[in-house]
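These notes are about the structure you will find just below.
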Amino acid sequence: MNKERGIFTIELAMILVFASGLFVMQVNSSISIANKGKLQRVSYSLATILSERKQLFNDEGDMCKNESNCTNAINMMLDIAKSSLSRMSGTFDSNKLGIQVEELTKVNNKVTYVKKTKGQIKDCNIVDISGSGHLLPKTSNDRYLPLYQVSLCYETPFNVLGVADNEMMNVVSSSISFARI
């Protein structure tokens with residue numbers, strides 16, 4: 001009887017180790033998905049703000065025509081992202097957030113691409129829109145709409161429960177929007 005009890009204990013221990021490993025993986029995935037969702041909401045909001053340049057900023061959609069305007073817009077968007085994410089999460093660290101804003105315009109059949117970054121975007125693997133000039137729609141005024149992409153990158157611990165040492169991963173979210181002019 002003791003022999004059977006010992007085998008049962010060993011089998012139970014192995015099953016519990018396996019089940020706890022699955023639990024740890026599920027918690028890590030859930031936290032990563034939650035962070036991705038927050039970044040998606042904020043990047044979409046920022047892309048929408050950029051697309052309303054004429055209504056909100058009284059310009060014609062060329063954000064980086066003037067370098068100081070471009071820098072101010074990037075700083076403003078990063079501040080909005082930081083404040084939004086800090087309200088959504090009590091553990092948000094603004095030093096781990098980075099933003100990349102891209103603008104693609106076409107004037108006189110010449111495509112202009114501008115990319116501005118700020119904050120932590122190292123190793124984020126953001127796909128740029130530089131080769132997407134053929135996607136720019138032409139308006140009835142014989143003008144092409146500018147295209148904006150806002151990408152947010154946030155560094156999160158890969159292993160939240162602490163089984164591994166300082167493994168970090170970058171969660172990236174990008175949103176694309178055409179200007180409304």
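Identifiers for the structure tokens are assigned positionally: chains receive A, B, ... in sequence, residues are indexed from 1 per chain, and ligands are indexed from 1 in the order shown.
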
Give me, as a list in words, all polymer residues having an atom no more than 12 Å from A:Ser86, counting only C-alpha atoms and skipping those fewer than 5 positions away in the same chain. Asn35, Lys38, Leu39, Val42, Asp79, Ile80, Ala81, Thr91, Phe92, Asp93, Ser94, Asn95, Lys96 and Leu97 of chain A

Excluding A:Gln40 and residues on its chain fewer than 3 positions from it, collect all residues at most 10 Å away from it, counting only C-alpha atoms, and give them as a PDB file with C-alpha atoms, in the first residue's frame.
```pdb
ATOM      1  CA  ALA A  34      -3.358  43.482 -21.864  1.00  0.00           C
ATOM      2  CA  ASN A  35      -0.356  45.753 -22.504  1.00  0.00           C
ATOM      3  CA  LYS A  36      -0.803  45.349 -26.269  1.00  0.00           C
ATOM      4  CA  GLY A  37      -4.470  46.336 -25.984  1.00  0.00           C
ATOM      5  CA  SER A  43      -1.796  54.570 -30.863  1.00  0.00           C
ATOM      6  CA  TYR A  44      -5.190  54.623 -32.597  1.00  0.00           C
ATOM      7  CA  SER A  45      -6.174  57.763 -30.679  1.00  0.00           C
ATOM      8  CA  LEU A  46      -2.901  59.477 -31.604  1.00  0.00           C
ATOM      9  CA  SER A 151       3.825  53.382 -33.449  1.00  0.00           C
ATOM     10  CA  LEU A 152       4.214  52.921 -29.727  1.00  0.00           C
ATOM     11  CA  VAL A 172       4.609  47.288 -30.306  1.00  0.00           C
ATOM     12  CA  SER A 173       1.395  48.763 -31.645  1.00  0.00           C
ATOM     13  CA  SER A 174       1.037  50.763 -34.860  1.00  0.00           C
ATOM     14  CA  SER A 175      -1.934  52.655 -36.271  1.00  0.00           C
TER      15      SER A 175
END
```

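Atom CA of A:Tyr154 to atom CA of A:Lys82 spans 10.7 Å [interatomic distance, one decimal].
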
Taking the DSSP secondary structure from the backbone, can you list the residues of chain A that are alpha helix (DSSP H), as an NGL selection string? :A and (2-51 or 53-57 or 67-88)

Using only C-alpha atoms, can you tell me which of A:Ile176, A:Asn141, A:Met77, A:Ser30 comes closest to A:Glu102? A:Ile176

Selection: 7 Å around A:Asn170, only C-alpha atoms, excl. self and same-chain fewer than 6 positions, as a list in words: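 Near neighbours after the sequence-gap exclusion: Cys124, Cys153, Tyr154, Glu155 and Thr156 of chain A.
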
Do you have the atom CA of A:Lys65-atom CA of A:Gln120 distance handy? 24.9 Å

Nearest residue to A:Ile74 out of A:Thr112, A:Thr117, A:Ser32, A:Thr105, using only C-alpha atoms?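 The shortest atom-to-atom distance to A:Ile74 comes from A:Thr117.
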
For A:Lys106, list every protein, DNA or RNA residue within 6 Å, evaluated using only C-alpha atoms, and leave out those in the same chain fewer than 4 positions away; present the list as a JSON list (two decimals) with N, CA and C atoms, in the first residue's frame.
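What landed in result-v7.json:
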```json
[["chain", "number", "residue", "atom", "x", "y", "z"],
["A", 110, "LYS", "N", 6.04, 63.73, -56.24],
["A", 110, "LYS", "CA", 7.23, 63.46, -55.44],
["A", 110, "LYS", "C", 6.78, 63.02, -54.05],
["A", 111, "VAL", "N", 7.17, 61.80, -53.68],
["A", 111, "VAL", "CA", 6.81, 61.25, -52.38],
["A", 111, "VAL", "C", 7.86, 61.67, -51.36],
["A", 144, "TYR", "N", -3.01, 64.70, -53.13],
["A", 144, "TYR", "CA", -2.89, 63.43, -52.43],
["A", 144, "TYR", "C", -3.00, 63.65, -50.93]]
```
